[in-house]
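This is data39.txt (compact mmCIF, C-alpha atoms and all ligand atoms).
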```
# COMPACT_ATOMS: atom_id res chain seq x y z
CA TYR A 297 121.72 69.76 100.72
CA LYS A 298 121.96 71.05 97.22
CA ARG A 299 119.62 69.53 94.68
CA ILE A 300 121.23 67.52 91.90
CA THR A 301 120.30 68.72 88.42
CA VAL A 302 121.11 67.44 84.95
CA LYS A 303 123.69 70.22 84.87
CA SER A 304 125.36 69.01 88.09
CA LEU A 305 125.87 65.60 86.49
CA VAL A 306 127.70 67.03 83.49
CA ASP A 307 129.80 69.15 85.90
CA MET A 308 130.59 66.03 87.92
CA LYS A 309 131.93 64.38 84.79
CA SER A 310 134.13 67.35 83.92
CA ASN A 311 135.43 67.44 87.51
CA GLY A 312 136.15 63.72 87.46
CA GLU A 313 133.62 63.00 90.24
CA LYS A 314 131.84 59.67 89.69
CA ILE A 315 128.05 59.61 89.72
CA ALA A 316 126.20 57.20 92.05
CA MET A 317 122.79 56.07 90.83
CA LEU A 318 120.38 53.47 92.24
CA THR A 319 116.84 52.47 91.43
CA ALA A 320 113.89 53.00 93.77
CA TYR A 321 110.21 52.41 93.18
CA ASP A 322 108.51 53.65 96.32
CA TYR A 323 108.47 56.36 98.97
CA SER A 324 110.12 54.50 101.86
CA MET A 325 113.03 53.16 99.84
CA ALA A 326 113.58 56.46 98.02
CA LYS A 327 113.72 58.32 101.33
CA ILE A 328 116.62 56.15 102.48
CA VAL A 329 118.41 56.26 99.11
CA ASP A 330 118.10 60.06 98.89
CA GLY A 331 119.15 60.52 102.52
CA ALA A 332 122.29 58.46 101.93
CA GLY A 333 123.52 60.86 99.27
CA VAL A 334 122.92 58.86 96.11
CA ASP A 335 123.02 61.38 93.24
CA VAL A 336 120.41 59.93 90.90
CA ILE A 337 117.35 57.78 91.62
CA LEU A 338 116.10 55.80 88.67
CA VAL A 339 112.49 54.70 88.75
CA GLY A 340 113.39 51.86 86.40
CA ASP A 341 111.00 49.66 84.50
CA SER A 342 112.88 46.92 86.40
CA ALA A 343 109.93 47.56 88.75
CA SER A 344 108.20 45.11 86.40
CA ASN A 345 110.59 42.41 87.67
CA VAL A 346 111.34 43.32 91.27
CA MET A 347 108.07 44.94 92.31
CA ALA A 348 105.50 43.11 90.20
CA GLY A 349 107.24 39.76 89.63
CA TYR A 350 107.05 39.68 85.85
CA GLU A 351 109.79 37.86 83.98
CA THR A 352 110.54 40.82 81.69
CA THR A 353 110.17 44.60 81.73
CA LEU A 354 107.59 44.54 78.94
CA PRO A 355 104.31 44.32 80.90
CA ILE A 356 104.66 47.38 83.14
CA THR A 357 102.37 50.23 82.09
CA LEU A 358 102.79 54.00 81.96
CA ASP A 359 100.21 54.38 84.75
CA GLN A 360 102.15 51.96 86.93
CA MET A 361 105.43 53.80 86.26
CA ILE A 362 103.75 57.07 87.23
CA TYR A 363 102.46 55.49 90.45
CA HIS A 364 105.97 54.30 91.37
CA ALA A 365 107.56 57.62 90.40
CA SER A 366 105.14 59.80 92.35
CA GLY A 367 105.97 57.99 95.61
CA VAL A 368 109.68 58.41 94.92
CA VAL A 369 109.32 62.11 94.16
CA ARG A 370 107.46 62.72 97.44
CA ALA A 371 110.43 61.24 99.33
CA ILE A 372 113.37 63.10 97.90
CA ASN A 373 115.23 66.23 98.97
CA ARG A 374 118.39 66.06 96.91
CA SER A 375 118.52 63.29 94.29
CA LEU A 376 117.66 63.75 90.63
CA VAL A 377 114.68 61.50 89.76
CA VAL A 378 114.75 59.84 86.33
CA VAL A 379 111.84 57.68 85.18
CA ASP A 380 111.89 54.96 82.52
CA LEU A 381 109.42 55.29 79.67
CA PRO A 382 107.93 51.79 79.63
CA PHE A 383 107.74 49.49 76.62
CA GLY A 384 105.04 50.61 74.22
CA SER A 385 104.85 54.19 75.44
CA TYR A 386 107.33 55.75 72.99
CA GLN A 387 108.17 53.39 70.12
CA SER A 388 105.25 53.98 67.76
CA ASP A 389 105.75 57.68 67.04
CA PRO A 390 107.35 60.83 68.44
CA LYS A 391 104.01 62.39 69.39
CA GLU A 392 103.08 59.43 71.52
CA ALA A 393 106.56 59.48 73.07
CA LEU A 394 106.12 63.14 73.97
CA ARG A 395 102.65 62.52 75.40
CA SER A 396 104.03 59.74 77.59
CA ALA A 397 106.96 61.84 78.78
CA ILE A 398 104.64 64.75 79.57
CA ARG A 399 102.37 62.47 81.61
CA ILE A 400 105.37 61.29 83.65
CA MET A 401 106.57 64.84 84.30
CA LYS A 402 103.13 66.27 85.15
CA GLU A 403 101.66 63.39 87.12
CA SER A 404 104.73 62.27 89.09
CA GLY A 405 106.82 65.44 89.40
CA ALA A 406 109.97 63.63 88.22
CA HIS A 407 112.89 65.53 86.70
CA ALA A 408 113.79 63.53 83.58
CA VAL A 409 112.91 60.45 81.55
CA LYS A 410 114.99 57.57 80.19
CA LEU A 411 114.29 55.46 77.14
CA GLU A 412 116.06 52.62 75.36
CA GLY A 413 117.70 52.77 71.95
CA GLY A 414 119.74 54.95 69.62
CA LYS A 415 119.04 55.93 66.01
CA GLU A 416 115.65 54.11 66.01
CA VAL A 417 114.24 56.48 68.65
CA LYS A 418 116.05 59.64 67.58
CA ASP A 419 112.92 61.54 66.51
CA SER A 420 111.08 60.65 69.71
CA ILE A 421 113.99 61.85 71.84
CA LYS A 422 114.20 65.12 69.89
CA ARG A 423 110.50 65.72 70.31
CA ILE A 424 110.67 65.16 74.08
CA LEU A 425 113.75 67.39 74.38
CA HIS A 426 112.00 70.16 72.42
CA ALA A 427 109.32 70.21 75.12
CA GLY A 428 112.04 70.91 77.69
CA ILE A 429 112.11 67.44 79.23
CA PRO A 430 115.63 66.09 79.90
CA VAL A 431 116.29 62.66 78.39
CA MET A 432 118.74 59.98 79.51
CA GLY A 433 119.65 57.40 76.84
CA HIS A 434 120.14 53.66 77.38
CA LEU A 435 122.29 51.49 75.08
CA GLY A 436 123.90 48.05 75.13
CA LEU A 437 121.64 45.48 76.75
CA THR A 438 118.22 47.07 76.42
CA PRO A 439 115.80 44.74 78.24
CA GLN A 440 112.70 45.96 76.39
CA SER A 441 114.23 44.27 73.28
CA ILE A 442 114.88 40.96 75.06
CA TYR A 443 112.82 38.96 72.56
CA LYS A 444 114.95 40.35 69.73
CA PHE A 445 118.22 39.49 71.51
CA GLY A 446 117.01 36.18 72.93
CA THR A 447 119.31 36.33 75.97
CA TYR A 448 120.52 38.65 78.73
CA THR A 449 124.20 38.04 77.89
CA VAL A 450 126.86 40.73 77.31
CA ARG A 451 126.15 42.97 74.29
CA ALA A 452 128.41 44.51 71.65
CA LYS A 453 131.19 41.92 71.81
CA GLU A 454 131.28 41.84 68.00
CA GLU A 455 132.76 44.69 65.98
CA GLN A 456 129.55 45.58 64.12
CA GLU A 457 127.40 45.94 67.23
CA ALA A 458 130.21 47.85 68.97
CA GLU A 459 130.41 50.31 66.08
CA LYS A 460 126.64 50.83 66.15
CA LEU A 461 126.78 51.41 69.90
CA LYS A 462 129.54 54.01 69.51
CA SER A 463 127.68 55.89 66.81
CA ASP A 464 124.40 55.71 68.75
CA ALA A 465 126.14 57.13 71.83
CA LEU A 466 127.54 60.05 69.79
CA LEU A 467 124.10 60.62 68.28
CA LEU A 468 122.43 60.72 71.71
CA GLU A 469 124.93 63.33 72.85
CA LYS A 470 124.52 65.34 69.65
CA ILE A 471 120.73 65.54 69.84
CA GLY A 472 120.91 66.65 73.48
CA CYS A 473 120.58 63.75 75.94
CA PHE A 474 122.09 64.70 79.33
CA ALA A 475 123.51 61.23 80.05
CA VAL A 476 123.58 57.67 78.72
CA VAL A 477 123.28 54.35 80.51
CA LEU A 478 125.42 51.53 79.11
CA GLU A 479 124.23 48.11 80.22
CA LYS A 480 126.30 44.93 80.09
CA VAL A 481 128.93 45.77 77.49
CA PRO A 482 132.71 45.10 77.55
CA ALA A 483 134.59 47.48 79.89
CA LYS A 484 137.01 48.53 77.15
CA LEU A 485 134.19 49.59 74.82
CA ALA A 486 132.35 51.43 77.61
CA LYS A 487 135.53 53.32 78.55
CA GLU A 488 136.05 54.31 74.94
CA VAL A 489 132.47 55.60 74.72
CA ALA A 490 132.79 57.53 78.00
CA GLU A 491 136.00 59.16 76.76
CA SER A 492 134.42 60.15 73.46
CA LEU A 493 131.46 61.94 75.08
CA THR A 494 131.18 65.08 77.22
CA ILE A 495 127.89 63.89 78.77
CA PRO A 496 128.18 61.30 81.56
CA VAL A 497 128.05 57.59 80.81
CA ILE A 498 126.52 55.58 83.66
CA GLY A 499 127.38 51.90 83.59
CA ILE A 500 125.78 48.71 84.84
CA GLY A 501 128.04 45.77 84.06
CA ALA A 502 130.12 48.16 81.94
CA GLY A 503 133.33 48.33 84.00
CA ASN A 504 135.08 51.15 85.84
CA GLY A 505 136.08 53.33 82.89
CA VAL A 506 132.71 55.11 82.82
CA ASP A 507 131.48 58.22 84.66
CA GLY A 508 129.13 56.59 87.13
CA GLN A 509 127.44 53.37 88.19
CA VAL A 510 123.86 52.20 88.59
CA LEU A 511 122.47 49.09 90.28
CA VAL A 512 118.98 47.83 90.97
CA VAL A 513 118.46 48.53 94.66
CA HIS A 514 116.92 45.13 95.50
CA ASP A 515 119.94 43.44 93.89
CA MET A 516 122.61 45.47 95.72
CA LEU A 517 120.76 44.97 99.02
CA GLY A 518 120.82 41.20 98.49
CA MET A 519 117.04 40.85 98.47
CA THR A 520 117.09 39.08 95.09
CA HIS A 521 119.48 36.35 96.13
CA GLU A 522 118.79 34.11 93.14
CA PHE A 523 120.11 36.77 90.67
CA ASN A 524 123.90 36.52 90.41
CA PRO A 525 125.47 38.35 87.48
CA ARG A 526 129.22 39.03 87.67
CA PHE A 527 128.71 42.80 87.81
CA LEU A 528 126.55 42.70 90.94
CA ARG A 529 128.20 43.69 94.20
CA ARG A 530 126.00 43.07 97.23
CA TYR A 531 126.22 45.67 100.00
CA ALA A 532 123.89 43.82 102.36
CA ASP A 533 122.31 40.41 102.73
CA LEU A 534 118.75 41.57 103.26
CA HIS A 535 117.35 38.25 102.10
CA ALA A 536 118.91 36.60 105.16
CA GLU A 537 118.18 39.57 107.47
CA MET A 538 114.54 39.78 106.46
CA THR A 539 114.01 36.03 106.52
CA SER A 540 115.29 35.84 110.08
CA ALA A 541 113.17 38.85 111.13
CA PHE A 542 110.03 37.24 109.67
CA GLU A 543 110.87 33.86 111.21
CA ASN A 544 111.50 35.37 114.62
CA TYR A 545 108.27 37.35 114.46
CA THR A 546 106.30 34.24 113.54
CA LYS A 547 107.97 32.27 116.32
CA ASP A 548 107.22 35.04 118.86
CA VAL A 549 103.56 35.27 117.83
CA LYS A 550 103.07 31.52 117.97
CA SER A 551 104.85 31.20 121.33
CA LYS A 552 102.86 34.19 122.71
CA ASN A 553 106.15 35.98 123.39
CA PHE A 554 104.89 38.95 121.32
CA PRO A 555 103.41 41.27 122.43
CA SER A 556 104.83 41.51 125.91
CA ASP A 557 103.22 43.41 128.81
CA GLU A 558 105.13 46.54 127.84
CA GLU A 559 103.98 46.30 124.24
CA GLN A 560 100.28 46.79 124.95
CA TYR A 561 97.91 49.47 126.24
O1 LIG A 601 115.12 49.58 84.80
C1 LIG A 601 116.26 49.66 85.31
O2 LIG A 601 116.48 49.37 86.50
C2 LIG A 601 117.35 50.15 84.46
C3 LIG A 601 118.74 50.10 85.01
C4 LIG A 601 119.23 48.73 85.19
C5 LIG A 601 119.69 50.91 84.20
O3 LIG A 601 117.10 50.55 83.35
NA NA A 602 115.04 50.10 82.59
```

Write the structure described by the file as C-alpha cells, please.
Amino acid sequence: YKRITVKSLVDMKSNGEKIAMLTAYDYSMAKIVDGAGVDVILVGDSASNVMAGYETTLPITLDQMIYHASGVVRAINRSLVVVDLPFGSYQSDPKEALRSAIRIMKESGAHAVKLEGGKEVKDSIKRILHAGIPVMGHLGLTPQSIYKFGTYTVRAKEEQEAEKLKSDALLLEKIGCFAVVLEKVPAKLAKEVAESLTIPVIGIGAGNGVDGQVLVVHDMLGMTHEFNPRFLRRYADLHAEMTSAFENYTKDVKSKNFPSDEEQY
C-alpha cells in the first residue's frame, strides 16, 4: 500500500480518478474502511449524532473528537485521516482555531482538519495553514449552522446563495485548502464549482459532477435505517443483520443452546 496524502488527492483530480471518502469514529471500523481501500477517512463531527445520539453536531467537544480520531489513526495503513474541528473550537478567533487544530494533530496523529464556512473563517484557515496543517473546507449545508438555516434541506438553490458558495469555494482554493466538501447542493452548481477549481471537490448529496464522494459510514451500512435522504445509497442492511444476530444470541442464551459443549473449557 501507498499512503494517501493531500498531494495524492489533487493528483487524483488531475488524472480524473474519483476520490472515495467515508467517515469512521473508532479503531475497529477504521481498520475495515482503510483495509477496503477507501482513500480518505473523515472523523466527522457527525459522531455527535451517530456515536453519541445528539440531535445536532453542536454538542461534541474537541476532547471527544480527539478521542475518536486517535482510535482511527491507530487503525490505518493507507487512508488519509481528516478530522472535523467541532463547533466552538475555531469560530471565535484565528488563534483559538490554530490551538484547536494543533491539539488535533498532536494528540490524535491525524493528517488534516476540516472546518465549515467560507469568507467568515478565512483568517482562521490561513492561520492553521501557516502552521503547516492541511485544511479541508466545507460549504453548502454546514450542520454547525443548523439553527441559522432552520432546516436540513438542499442549500444554494437561490442565485444569491449559489453565488456566495461559488466565491467561497474559489477563496478556499486561493488561500490554500487542499479540498472542499460540498454538502446537499444542486448537482449542476456542484459540477460548476468542481470545474472551476483545481483542488478536489468531495460531494455528499451534490451529484456526480464532483471529484469524489463522502457518506457517513453508519448510513451507507444501513445501521441508521430511519434516516432516508435521497442522496443516501445503502451498501448493506446492517440494521436487519445486527438485529437478527442480537435476537438469535438472546434466543440461544435463553434456550441454553449457547454455549455448547464445544464452546467451553
Ligand atoms: O461530519 C461529517 O460526517 C461530515 C460529512 C457528512 C461531510 O462533515
Ligand atoms: Na462534519

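Every protein or nucleic acid residue with an atom no more than 8 Å from region 493-503 of chain A, counting only C-alpha atoms and leaving out same-chain residues fewer than 6 positions away, appears here: Leu305, Val306, Lys309, Ser310, Ile315, Ala465, Leu466, Glu469, Cys473, Phe474, Ala475, Val476, Val477, Leu478, Glu479, Lys480, Val481, Pro482, Ala483, Lys484, Ala486, Lys487, Gln509, Val510, Leu511, Arg526, Phe527 and Leu528 of chain A.
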
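If you look at CA of Ser540 (chain A) and CA of Gly518 (chain A), they are 13.9 Å away from each other.
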
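Residues in contact with region 400-403 of chain A at up to 10 Å, not including ones fewer than 2 positions away on its chain and judged by all atoms listed in the file, are A:Leu358, A:Asp359, A:Met361, A:Ile362, A:Tyr363, A:Ala365, A:Ser366, A:Val378, A:Val379, A:Asp380, A:Leu381, A:Leu394, A:Arg395, A:Ser396, A:Ala397, A:Ile398, A:Gly405, A:Ala406, A:His407, A:Ala408, A:Val409, A:Ile429.
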
Just-selected residues, C-alpha atoms written as a CSV table (one decimal), in the coordinates of the input:
```
chain,number,residue,atom,x,y,z
A,358,LEU,CA,102.8,54.0,82.0
A,359,ASP,CA,100.2,54.4,84.8
A,361,MET,CA,105.4,53.8,86.3
A,362,ILE,CA,103.8,57.1,87.2
A,363,TYR,CA,102.5,55.5,90.4
A,365,ALA,CA,107.6,57.6,90.4
A,366,SER,CA,105.1,59.8,92.4
A,378,VAL,CA,114.8,59.8,86.3
A,379,VAL,CA,111.8,57.7,85.2
A,380,ASP,CA,111.9,55.0,82.5
A,381,LEU,CA,109.4,55.3,79.7
A,394,LEU,CA,106.1,63.1,74.0
A,395,ARG,CA,102.6,62.5,75.4
A,396,SER,CA,104.0,59.7,77.6
A,397,ALA,CA,107.0,61.8,78.8
A,398,ILE,CA,104.6,64.8,79.6
A,405,GLY,CA,106.8,65.4,89.4
A,406,ALA,CA,110.0,63.6,88.2
A,407,HIS,CA,112.9,65.5,86.7
A,408,ALA,CA,113.8,63.5,83.6
A,409,VAL,CA,112.9,60.4,81.6
A,429,ILE,CA,112.1,67.4,79.2
```

Which chains and residue numbers are within 6 Å of ligand LIG 601 (chain A), counting all atoms listed in the file, if I want them as JSON, numbers by chain? {"A": [319, 340, 341, 342, 512]}

I'd like the box whose edges run along x, y and z of the file and which contains every listed atom of region 346-353 of chain A, padded by 6 Å per side; could you state its centre and edge lengths in Å, one decimal, as AutoDock Vina command-line options?
```
--center_x 108.4 --center_y 41.4 --center_z 87.0 --size_x 17.8 --size_y 19.1 --size_z 22.6
```

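Going from CA of Ser304 (chain A) to CA of Asp335 (chain A) covers 9.5 Å.
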
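Taking all atoms listed in the file, the non-local environment of Arg370 (chain A) within 12 Å (same-chain residues fewer than 2 positions away omitted) comprises A:Tyr321, A:Asp322, A:Tyr323, A:Ser324, A:Met325, A:Ala326, A:Lys327, A:Asp330, A:Tyr363, A:His364, A:Ala365, A:Ser366, A:Gly367, A:Val368, A:Ile372, A:Asn373, A:Arg374, A:Ser375, A:Val377, A:Glu403, A:Ser404, A:Gly405, A:Ala406.
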
Fill-in result for region 364-387 of chain A, N, CA and C atoms as a PDB file, in the coordinates of the input:
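Final output, saved to result-v3.pdb:
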```pdb
ATOM      1  N   HIS A 364     104.684  54.504  90.686  1.00  0.00           N
ATOM      2  CA  HIS A 364     105.970  54.300  91.370  1.00  0.00           C
ATOM      3  C   HIS A 364     106.717  55.634  91.504  1.00  0.00           C
ATOM      4  N   ALA A 365     106.775  56.378  90.423  1.00  0.00           N
ATOM      5  CA  ALA A 365     107.560  57.620  90.400  1.00  0.00           C
ATOM      6  C   ALA A 365     107.005  58.664  91.369  1.00  0.00           C
ATOM      7  N   SER A 366     105.688  58.746  91.500  1.00  0.00           N
ATOM      8  CA  SER A 366     105.140  59.800  92.350  1.00  0.00           C
ATOM      9  C   SER A 366     105.486  59.549  93.819  1.00  0.00           C
ATOM     10  N   GLY A 367     105.534  58.304  94.243  1.00  0.00           N
ATOM     11  CA  GLY A 367     105.970  57.990  95.610  1.00  0.00           C
ATOM     12  C   GLY A 367     107.424  58.365  95.829  1.00  0.00           C
ATOM     13  N   VAL A 368     108.256  58.074  94.835  1.00  0.00           N
ATOM     14  CA  VAL A 368     109.680  58.410  94.920  1.00  0.00           C
ATOM     15  C   VAL A 368     109.868  59.915  95.024  1.00  0.00           C
ATOM     16  N   VAL A 369     109.165  60.650  94.172  1.00  0.00           N
ATOM     17  CA  VAL A 369     109.320  62.110  94.160  1.00  0.00           C
ATOM     18  C   VAL A 369     108.915  62.719  95.506  1.00  0.00           C
ATOM     19  N   ARG A 370     107.892  62.181  96.145  1.00  0.00           N
ATOM     20  CA  ARG A 370     107.460  62.720  97.440  1.00  0.00           C
ATOM     21  C   ARG A 370     108.511  62.497  98.537  1.00  0.00           C
ATOM     22  N   ALA A 371     109.450  61.581  98.294  1.00  0.00           N
ATOM     23  CA  ALA A 371     110.430  61.240  99.330  1.00  0.00           C
ATOM     24  C   ALA A 371     111.719  62.034  99.244  1.00  0.00           C
ATOM     25  N   ILE A 372     112.000  62.627  98.102  1.00  0.00           N
ATOM     26  CA  ILE A 372     113.370  63.100  97.900  1.00  0.00           C
ATOM     27  C   ILE A 372     113.573  64.576  98.221  1.00  0.00           C
ATOM     28  N   ASN A 373     114.798  64.860  98.699  1.00  0.00           N
ATOM     29  CA  ASN A 373     115.230  66.230  98.970  1.00  0.00           C
ATOM     30  C   ASN A 373     116.354  66.661  98.044  1.00  0.00           C
ATOM     31  N   ARG A 374     117.163  65.710  97.618  1.00  0.00           N
ATOM     32  CA  ARG A 374     118.390  66.060  96.910  1.00  0.00           C
ATOM     33  C   ARG A 374     118.576  65.353  95.565  1.00  0.00           C
ATOM     34  N   SER A 375     118.215  64.071  95.489  1.00  0.00           N
ATOM     35  CA  SER A 375     118.520  63.290  94.290  1.00  0.00           C
ATOM     36  C   SER A 375     117.752  63.764  93.068  1.00  0.00           C
ATOM     37  N   LEU A 376     118.347  63.537  91.901  1.00  0.00           N
ATOM     38  CA  LEU A 376     117.660  63.750  90.630  1.00  0.00           C
ATOM     39  C   LEU A 376     116.827  62.486  90.345  1.00  0.00           C
ATOM     40  N   VAL A 377     115.551  62.669  90.013  1.00  0.00           N
ATOM     41  CA  VAL A 377     114.680  61.500  89.760  1.00  0.00           C
ATOM     42  C   VAL A 377     114.445  61.334  88.255  1.00  0.00           C
ATOM     43  N   VAL A 378     114.897  60.181  87.749  1.00  0.00           N
ATOM     44  CA  VAL A 378     114.750  59.840  86.330  1.00  0.00           C
ATOM     45  C   VAL A 378     113.792  58.663  86.223  1.00  0.00           C
ATOM     46  N   VAL A 379     112.851  58.737  85.300  1.00  0.00           N
ATOM     47  CA  VAL A 379     111.840  57.680  85.180  1.00  0.00           C
ATOM     48  C   VAL A 379     111.916  57.024  83.808  1.00  0.00           C
ATOM     49  N   ASP A 380     111.907  55.694  83.786  1.00  0.00           N
ATOM     50  CA  ASP A 380     111.890  54.960  82.520  1.00  0.00           C
ATOM     51  C   ASP A 380     110.561  55.129  81.802  1.00  0.00           C
ATOM     52  N   LEU A 381     110.626  55.404  80.503  1.00  0.00           N
ATOM     53  CA  LEU A 381     109.420  55.290  79.670  1.00  0.00           C
ATOM     54  C   LEU A 381     109.242  53.793  79.411  1.00  0.00           C
ATOM     55  N   PRO A 382     108.088  53.236  79.774  1.00  0.00           N
ATOM     56  CA  PRO A 382     107.930  51.790  79.630  1.00  0.00           C
ATOM     57  C   PRO A 382     107.727  51.361  78.171  1.00  0.00           C
ATOM     58  N   PHE A 383     107.927  50.083  77.949  1.00  0.00           N
ATOM     59  CA  PHE A 383     107.740  49.490  76.620  1.00  0.00           C
ATOM     60  C   PHE A 383     106.345  49.849  76.089  1.00  0.00           C
ATOM     61  N   GLY A 384     106.320  50.305  74.851  1.00  0.00           N
ATOM     62  CA  GLY A 384     105.040  50.610  74.220  1.00  0.00           C
ATOM     63  C   GLY A 384     104.573  52.041  74.387  1.00  0.00           C
ATOM     64  N   SER A 385     105.312  52.828  75.187  1.00  0.00           N
ATOM     65  CA  SER A 385     104.850  54.190  75.440  1.00  0.00           C
ATOM     66  C   SER A 385     105.581  55.222  74.591  1.00  0.00           C
ATOM     67  N   TYR A 386     106.569  54.771  73.786  1.00  0.00           N
ATOM     68  CA  TYR A 386     107.330  55.750  72.990  1.00  0.00           C
ATOM     69  C   TYR A 386     107.788  55.238  71.626  1.00  0.00           C
ATOM     70  N   GLN A 387     107.603  53.947  71.342  1.00  0.00           N
ATOM     71  CA  GLN A 387     108.170  53.390  70.120  1.00  0.00           C
ATOM     72  C   GLN A 387     107.367  53.694  68.861  1.00  0.00           C
TER      73      GLN A 387
END
```
